[in-house]
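Chemist: Just passing along the structure, written as structure tokens.
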Amino acid sequence: MGGLIFLAVSVLFLWSGEKDLALKGKSASNLISKNGQFLFIFKKSHHGLQLASRSSSDQAWKIKDILSDPQARFPALKKDREGQIWALWEQGKGVSIGKLQEKKLVLIQRYQEGSQNITPDITFDLDNTPWLTWVCFFQGKSFILAQNFHSKKTWVVNSSFFSESSSPQIVVDHQNHPWVFWAGRKKGRDQIFYSSFDGRDWSEPEIIHRKSPSPHILPHAGVDSGGNIWVVWSAYDGNDYEIYCSLRNQTHWTAEEKITDNSYPDWGASISFLRGNIPVVVWKQGPNRLSCQYQIRGSWSQELPLYEGNRSFSAPPLLSTHKEVLTITLEADERIIHEFFSFRDLTHPNHFSFPSFSLDRTFSSSKPEGYIGFGDSITFGYLDGEEAPEKGYIPRLESRLQQYYGPSQVINEGFPAEITIQGLHRIKEVISSHSAKFLLLMEGTNDVIFRDISMDTTAFNLERMILLCQNSGVFPLLSTIPPRKDWEWNFKYYRERIFSLNDKIRRIGEALNIPLVDHFQVFYSYPEEKGGWKSLLCKDGVHPSVKGYKIMAHTWFEKIKTLPFPPFITQIERIYDQILFFKHPGNSIHWKDNPKLSSRDIFSGYKIYRAEASGPPFDFHLLTILQNPLQKSFFDTDILPSQHYVYALSTLRRDGTEGPLSKPFEETKDGGSLN
């Protein structure tokens, strides 16, 4: 009981400010040593790597600098079969391998092949020989490499599956065969691939799950004490991301099992084993939840909530086990919590209460029609690492709209540190909570530096957001993400991800025929005589400067001025067109253009939609298309005299873009006549 309470209290103190039990840093990795000591390695700001150690009886962490190189980042700890602790980290464009000796980091080997080497992983075979895997980004392709540490022989594992391969994991089975798992694609969306080594060569890559048109991402693999391989990952199930699992029980792979099924996006799963053979899975649930499950005798437990707060974790949780003890590392706002608890805490959850905090965000469905700014911290408004929504583009755009159109509202729905997996879930609530007709979408900046998510998956998530808007009657505008001038920009790998994502965003705008705002190009082409594009970014190199936010507001505004705002229906009445002795009933519809329409020569006409008044609300079907922007009336004769109807109109732009529907308008029931 005490361990998990300690975890909960630590999280509570982190956000309450009463007591800071967290350590400042990022990119942490945890481990329990063979003598039961808790360790984690992390990056300390720009000063290099530090090691934190602590026994279960200690009241505080012992912190030690172990590598002073500021280019060292994304460290990881692994334990070999004799209990020796190894460390892996990225350094410059290479990956480095070392050992902890007397809590000192001793470099053993450094790999720097190609243009960028990232995300290393290590395992140890039954002879305690290290096997390594990592991603080598070279000439626009992602190679999954594997190496026998003693022979130094290196293989390309992913064969022809080079498209943005990521998240390599390596384990060894009971027959002493290494296996590598990764997310990647050849055609279509990301899938989870694997390849095994038979002593001479690696097998052709295969997909571990049923083929799917949706992304399967973020694999994490582990081996239990019986040599069985377990793999967990996240996949989009048509509604949101859920956690899946597959097991190789020494002879074959079991069919994948969907172990979560809830209304939250579940992603970033980590698996480890208590008592050697009880799998425990911990994952992120939405932006601010942490949950876990364990399996006993073939059955998964219920989902156990470990934390719910009003801040977003900036990285997936990391899980390590030793006998009956678990340790979890959490990270948010460059603060790290690393705590432990026992298996009894999981199996007796009624012995304690989990912390629960509501989001510090309120919504009201009574707000007037307007615009929603949706995205991450760039949308929310940040300057030099500090929240500054009053200086972002949202209030500046709102002011411009009010000056040009009169009363206008731009709702700030930026969520700092959000990635598109989270945004795809959150946008549903945002759409349903506001009556705004327009949504300004710019997201993906955080996905770029989260190397375990491909830009194809990010584009998939953005496309689904657009479709959710359109299916909900909200008109979306889509934006590319701006350039950056931080250290990531110095590496071709990250620049290529930005370029790739923006190319995909432009294709989404073209394919779905929605307005595209190319903030990247606007920033990147900013004149040198005015300071160049870097002057549009603040000191942190990621968020716009005050001048950059002004440029953003202007760019959004200029695109909004060209929108096909919906017409206003002024009258619909049932009338009869008398021809000789026959009265033909019909509905006469009249409307006027939205006064917000500008440059009227870019508009081509209208679409008229109709629904039965007695049917499901807003079950509209296209009635006709009018290719005359001067026409402001229509006589609908295809009606049943006993039925009443509701109509809505949209405006068409000459490029084929259709605006949102007008306010629904029901016919009058008094009737009339047409001479």
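For the structure tokens, the naming scheme is as follows: chains receive sequential letters (A, B, ...) according to their order of presentation, residues are indexed from 1 within each chain, and ligands are indexed from 1 in presentation order.
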Using only C-alpha atoms, which residues sit within 8 Å of Gly444 of chain A once same-chain residues fewer than 4 positions away are excluded, as a PyMOL selection string?
Modeler: chain A and resi 419-420+448+458+481+501
Chemist: Export, as an mmCIF file, in the first residue's frame, the selected residues with N, CA and C atoms.
Modeler:
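Ended up saving to again-v1.cif:
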data_model
loop_
_atom_site.group_PDB
_atom_site.id
_atom_site.type_symbol
_atom_site.label_atom_id
_atom_site.label_comp_id
_atom_site.auth_asym_id
_atom_site.auth_seq_id
_atom_site.Cartn_x
_atom_site.Cartn_y
_atom_site.Cartn_z
ATOM 1 N N ILE A 419 0.381 16.281 -28.464
ATOM 2 C CA ILE A 419 0.682 15.674 -29.748
ATOM 3 C C ILE A 419 -0.639 15.310 -30.416
ATOM 4 N N THR A 420 -0.578 14.950 -31.684
ATOM 5 C CA THR A 420 -1.820 14.778 -32.449
ATOM 6 C C THR A 420 -2.644 13.580 -31.995
ATOM 7 N N VAL A 448 7.013 16.206 -34.160
ATOM 8 C CA VAL A 448 8.289 16.217 -34.879
ATOM 9 C C VAL A 448 9.420 15.714 -34.000
ATOM 10 N N THR A 458 1.134 11.218 -37.957
ATOM 11 C CA THR A 458 0.705 12.570 -37.604
ATOM 12 C C THR A 458 -0.263 13.109 -38.643
ATOM 13 N N ILE A 481 2.979 23.726 -39.967
ATOM 14 C CA ILE A 481 3.644 24.138 -38.729
ATOM 15 C C ILE A 481 4.843 25.012 -39.081
ATOM 16 N N LEU A 501 6.198 16.579 -42.943
ATOM 17 C CA LEU A 501 4.870 16.795 -42.378
ATOM 18 C C LEU A 501 4.156 17.929 -43.092
#
Chemist: I want to know what sits within 8 Å of Gly98 of chain A, based on only C-alpha atoms, with residues of the same chain fewer than 2 positions away left out; could you give that as a PyMOL selection string?
Modeler: chain A and resi 86-88+96+100+105-109
Chemist: Fewer than 4 positions away in the same chain doesn't count, so skip those; otherwise give me all residues within 10 Å of Arg653 of chain A, counting only C-alpha atoms, as a PyMOL selection string.
Modeler: chain A and resi 562-565+600-606+629+657-659
Chemist: Give me the residues near Leu67 of chain A as a list of chain:residue names, where near means some atom within 7 Å (using only C-alpha atoms) and where sequence neighbours in that chain fewer than 5 positions away do not count.
Modeler: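 What passes the distance filter is A:Gly48, A:Leu49, A:Gln50.
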Chemist: Could you tell me, as a PyMOL selection string, which residues of segment 405-567 of chain A DSSP assigns to alpha helix (DSSP H) when given the backbone?
Modeler: chain A and resi 405+420-433+445-449+455-471+492-512+519-524+546-560
Chemist: When distances are computed from only C-alpha atoms, which of A:Ser662, A:Thr570, A:Ser142, A:Asn587 shows the smallest separation from Glu164 of chain A?
Modeler: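 Closest residue, counting only C-alpha atoms: A:Ser142.
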Chemist: Counting only C-alpha atoms, figure out which residue out of A:Asn239, A:Asn128, A:Ile372, A:Asp452 gets nearest to His220 of chain A.
Modeler: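 The answer is A:Asp452, which sits nearest to His220 of chain A.
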Chemist: Which of segment 72-259 of chain A end up as strand (DSSP E) when DSSP is run on this backbone - answer as a VMD selection string?
Modeler: chain A and resid 72 to 79 85 to 91 94 to 101 104 to 111 116 to 124 130 to 138 141 to 148 154 to 156 163 to 172 178 to 185 191 to 196 206 to 207 216 to 223 229 to 236 241 to 248 257 to 258
Chemist: Using only C-alpha atoms, find the one residue out of A:Asp190, A:Glu510, A:Glu558, A:Glu334 that sits nearest to Met455 of chain A.
Modeler: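 The closest residue to Met455 of chain A is A:Asp190.
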Chemist: Just the residues within 10 Å of Ala648 of chain A, please, counting only C-alpha atoms, with nothing from its chain fewer than 3 positions along; format it as a compact mmCIF listing (two decimals) with C-alpha atoms, in the first residue's frame.
Modeler:
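Output file part_17.txt is given in full below:
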# COMPACT_ATOMS: atom_id res chain seq x y z
CA PRO A 566 -23.07 30.68 -45.20
CA PRO A 567 -26.09 32.60 -46.56
CA PHE A 568 -29.02 33.71 -44.41
CA ILE A 569 -32.38 32.16 -45.29
CA LYS A 607 -25.83 24.21 -52.40
CA ILE A 608 -29.31 23.64 -50.99
CA TYR A 609 -29.91 20.87 -48.44
CA ARG A 610 -33.22 19.54 -47.15
CA ALA A 611 -34.41 17.40 -44.25
CA PHE A 618 -30.17 17.84 -39.10
CA PHE A 620 -29.88 16.86 -44.37
CA HIS A 621 -29.53 15.59 -47.93
CA LEU A 622 -28.30 17.57 -50.92
CA LEU A 623 -31.27 18.88 -52.88
CA PRO A 660 -20.50 25.53 -43.66
CA LEU A 661 -24.26 25.17 -43.63
CA SER A 662 -26.48 28.09 -42.75
CA LYS A 663 -28.74 28.08 -39.75
CA PRO A 664 -31.57 25.57 -40.45
CA PHE A 665 -34.84 27.19 -41.46
CA GLU A 666 -38.25 25.48 -41.46
Chemist: Between atom CA of His209 of chain A and atom CA of Arg248 of chain A, what is the spacing in Å?
Modeler: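 Going from atom CA of Arg248 of chain A over to atom CA of His209 of chain A, I get 12.0 Å.
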Chemist: Under the rule that only C-alpha atoms are counted, which of A:Leu597, A:Glu496, A:Thr668, A:Pro130 is the nearest residue to Gln116 of chain A?
Modeler: A:Glu496
Chemist: Residues at most 9 Å from segment 234-236 of chain A, counting only C-alpha atoms, excluding those fewer than 5 positions away in the same chain, as JSON, numbers by chain?
Modeler: {"A": [191, 214, 215, 216, 217, 218, 219, 241, 242, 243, 244, 245, 265, 266, 267, 268, 269]}
Chemist: Hey, what's within 6 Å of segment 461-478 of chain A if we count only C-alpha atoms and toss same-chain stuff fewer than 2 positions away? As a JSON list (two decimals) with all heavy atoms, in the first residue's frame, please?
Modeler:
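Output below, filename result.json:
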[["chain", "number", "residue", "atom", "x", "y", "z"],
["A", 420, "THR", "N", -0.58, 14.95, -31.68],
["A", 420, "THR", "CA", -1.82, 14.78, -32.45],
["A", 420, "THR", "C", -2.64, 13.58, -31.99],
["A", 420, "THR", "O", -3.86, 13.56, -32.21],
["A", 420, "THR", "CB", -1.52, 14.66, -33.95],
["A", 420, "THR", "OG1", -0.60, 13.57, -34.18],
["A", 420, "THR", "CG2", -0.92, 15.94, -34.49],
["A", 424, "LEU", "N", -6.50, 14.40, -31.50],
["A", 424, "LEU", "CA", -7.55, 13.67, -32.20],
["A", 424, "LEU", "C", -8.68, 13.30, -31.26],
["A", 424, "LEU", "O", -9.86, 13.29, -31.63],
["A", 424, "LEU", "CB", -6.96, 12.41, -32.86],
["A", 424, "LEU", "CG", -7.93, 11.47, -33.57],
["A", 424, "LEU", "CD1", -8.73, 12.21, -34.63],
["A", 424, "LEU", "CD2", -7.17, 10.30, -34.18],
["A", 437, "LYS", "N", -18.55, 28.00, -35.80],
["A", 437, "LYS", "CA", -18.68, 27.34, -37.10],
["A", 437, "LYS", "C", -17.33, 27.07, -37.75],
["A", 437, "LYS", "O", -17.24, 26.28, -38.69],
["A", 437, "LYS", "CB", -19.52, 28.20, -38.05],
["A", 437, "LYS", "CG", -21.02, 28.06, -37.84],
["A", 437, "LYS", "CD", -21.79, 28.70, -38.98],
["A", 437, "LYS", "CE", -23.28, 28.47, -38.83],
["A", 437, "LYS", "NZ", -23.65, 27.05, -38.94],
["A", 438, "PHE", "N", -16.26, 27.73, -37.28],
["A", 438, "PHE", "CA", -14.96, 27.62, -37.94],
["A", 438, "PHE", "C", -13.91, 27.17, -36.92],
["A", 438, "PHE", "O", -13.92, 27.60, -35.77],
["A", 438, "PHE", "CB", -14.56, 28.95, -38.56],
["A", 438, "PHE", "CG", -15.52, 29.45, -39.59],
["A", 438, "PHE", "CD1", -16.55, 30.31, -39.23],
["A", 438, "PHE", "CD2", -15.42, 29.04, -40.91],
["A", 438, "PHE", "CE1", -17.45, 30.77, -40.18],
["A", 438, "PHE", "CE2", -16.32, 29.49, -41.86],
["A", 438, "PHE", "CZ", -17.34, 30.35, -41.49],
["A", 439, "LEU", "N", -13.01, 26.30, -37.37],
["A", 439, "LEU", "CA", -11.94, 25.81, -36.52],
["A", 439, "LEU", "C", -10.61, 25.97, -37.24],
["A", 439, "LEU", "O", -10.46, 25.53, -38.39],
["A", 439, "LEU", "CB", -12.17, 24.35, -36.12],
["A", 439, "LEU", "CG", -11.18, 23.77, -35.13],
["A", 439, "LEU", "CD1", -11.90, 22.87, -34.10],
["A", 439, "LEU", "CD2", -10.09, 22.96, -35.83],
["A", 440, "LEU", "N", -9.66, 26.60, -36.59],
["A", 440, "LEU", "CA", -8.33, 26.85, -37.14],
["A", 440, "LEU", "C", -7.38, 25.83, -36.55],
["A", 440, "LEU", "O", -7.05, 25.89, -35.36],
["A", 440, "LEU", "CB", -7.87, 28.27, -36.79],
["A", 440, "LEU", "CG", -8.49, 29.45, -37.54],
["A", 440, "LEU", "CD1", -10.01, 29.45, -37.50],
["A", 440, "LEU", "CD2", -7.97, 30.78, -37.00],
["A", 441, "LEU", "N", -6.94, 24.87, -37.35],
["A", 441, "LEU", "CA", -6.16, 23.73, -36.86],
["A", 441, "LEU", "C", -4.69, 23.88, -37.25],
["A", 441, "LEU", "O", -4.35, 23.95, -38.43],
["A", 441, "LEU", "CB", -6.73, 22.44, -37.45],
["A", 441, "LEU", "CG", -5.93, 21.15, -37.19],
["A", 441, "LEU", "CD1", -5.81, 20.87, -35.70],
["A", 441, "LEU", "CD2", -6.60, 19.97, -37.90],
["A", 458, "THR", "N", 1.13, 11.22, -37.96],
["A", 458, "THR", "CA", 0.71, 12.57, -37.60],
["A", 458, "THR", "C", -0.26, 13.11, -38.64],
["A", 458, "THR", "O", -1.31, 13.68, -38.30],
["A", 458, "THR", "CB", 1.92, 13.50, -37.49],
["A", 458, "THR", "OG1", 2.79, 13.02, -36.47],
["A", 458, "THR", "CG2", 1.50, 14.92, -37.16],
["A", 459, "ALA", "N", 0.05, 12.92, -39.93],
["A", 459, "ALA", "CA", -0.85, 13.37, -40.99],
["A", 459, "ALA", "C", -2.19, 12.64, -40.93],
["A", 459, "ALA", "O", -3.25, 13.24, -41.16],
["A", 459, "ALA", "CB", -0.19, 13.17, -42.35],
["A", 515, "PRO", "N", -9.43, 25.22, -46.90],
["A", 515, "PRO", "CA", -8.45, 26.29, -46.93],
["A", 515, "PRO", "C", -7.16, 25.91, -46.19],
["A", 515, "PRO", "O", -7.21, 25.40, -45.07],
["A", 515, "PRO", "CB", -9.16, 27.45, -46.23],
["A", 515, "PRO", "CG", -10.61, 27.16, -46.37],
["A", 515, "PRO", "CD", -10.72, 25.67, -46.32],
["A", 516, "LEU", "N", -6.04, 26.17, -46.82],
["A", 516, "LEU", "CA", -4.74, 25.90, -46.22],
["A", 516, "LEU", "C", -4.02, 27.21, -45.94],
["A", 516, "LEU", "O", -3.92, 28.08, -46.81],
["A", 516, "LEU", "CB", -3.87, 25.04, -47.15],
["A", 516, "LEU", "CG", -2.47, 24.76, -46.63],
["A", 516, "LEU", "CD1", -2.51, 23.70, -45.54],
["A", 516, "LEU", "CD2", -1.53, 24.36, -47.75],
["A", 660, "PRO", "N", -19.61, 26.22, -44.62],
["A", 660, "PRO", "CA", -20.50, 25.53, -43.66],
["A", 660, "PRO", "C", -21.96, 25.80, -43.97],
["A", 660, "PRO", "O", -22.30, 26.74, -44.71],
["A", 660, "PRO", "CB", -20.09, 26.14, -42.32],
["A", 660, "PRO", "CG", -19.57, 27.49, -42.67],
["A", 660, "PRO", "CD", -18.90, 27.34, -44.00]]
Chemist: Pick from A:Pro279, A:Ala388, A:Ser535, A:Gly286: nearest to Gly423 of chain A, with only C-alpha atoms counted?
Modeler: A:Gly286
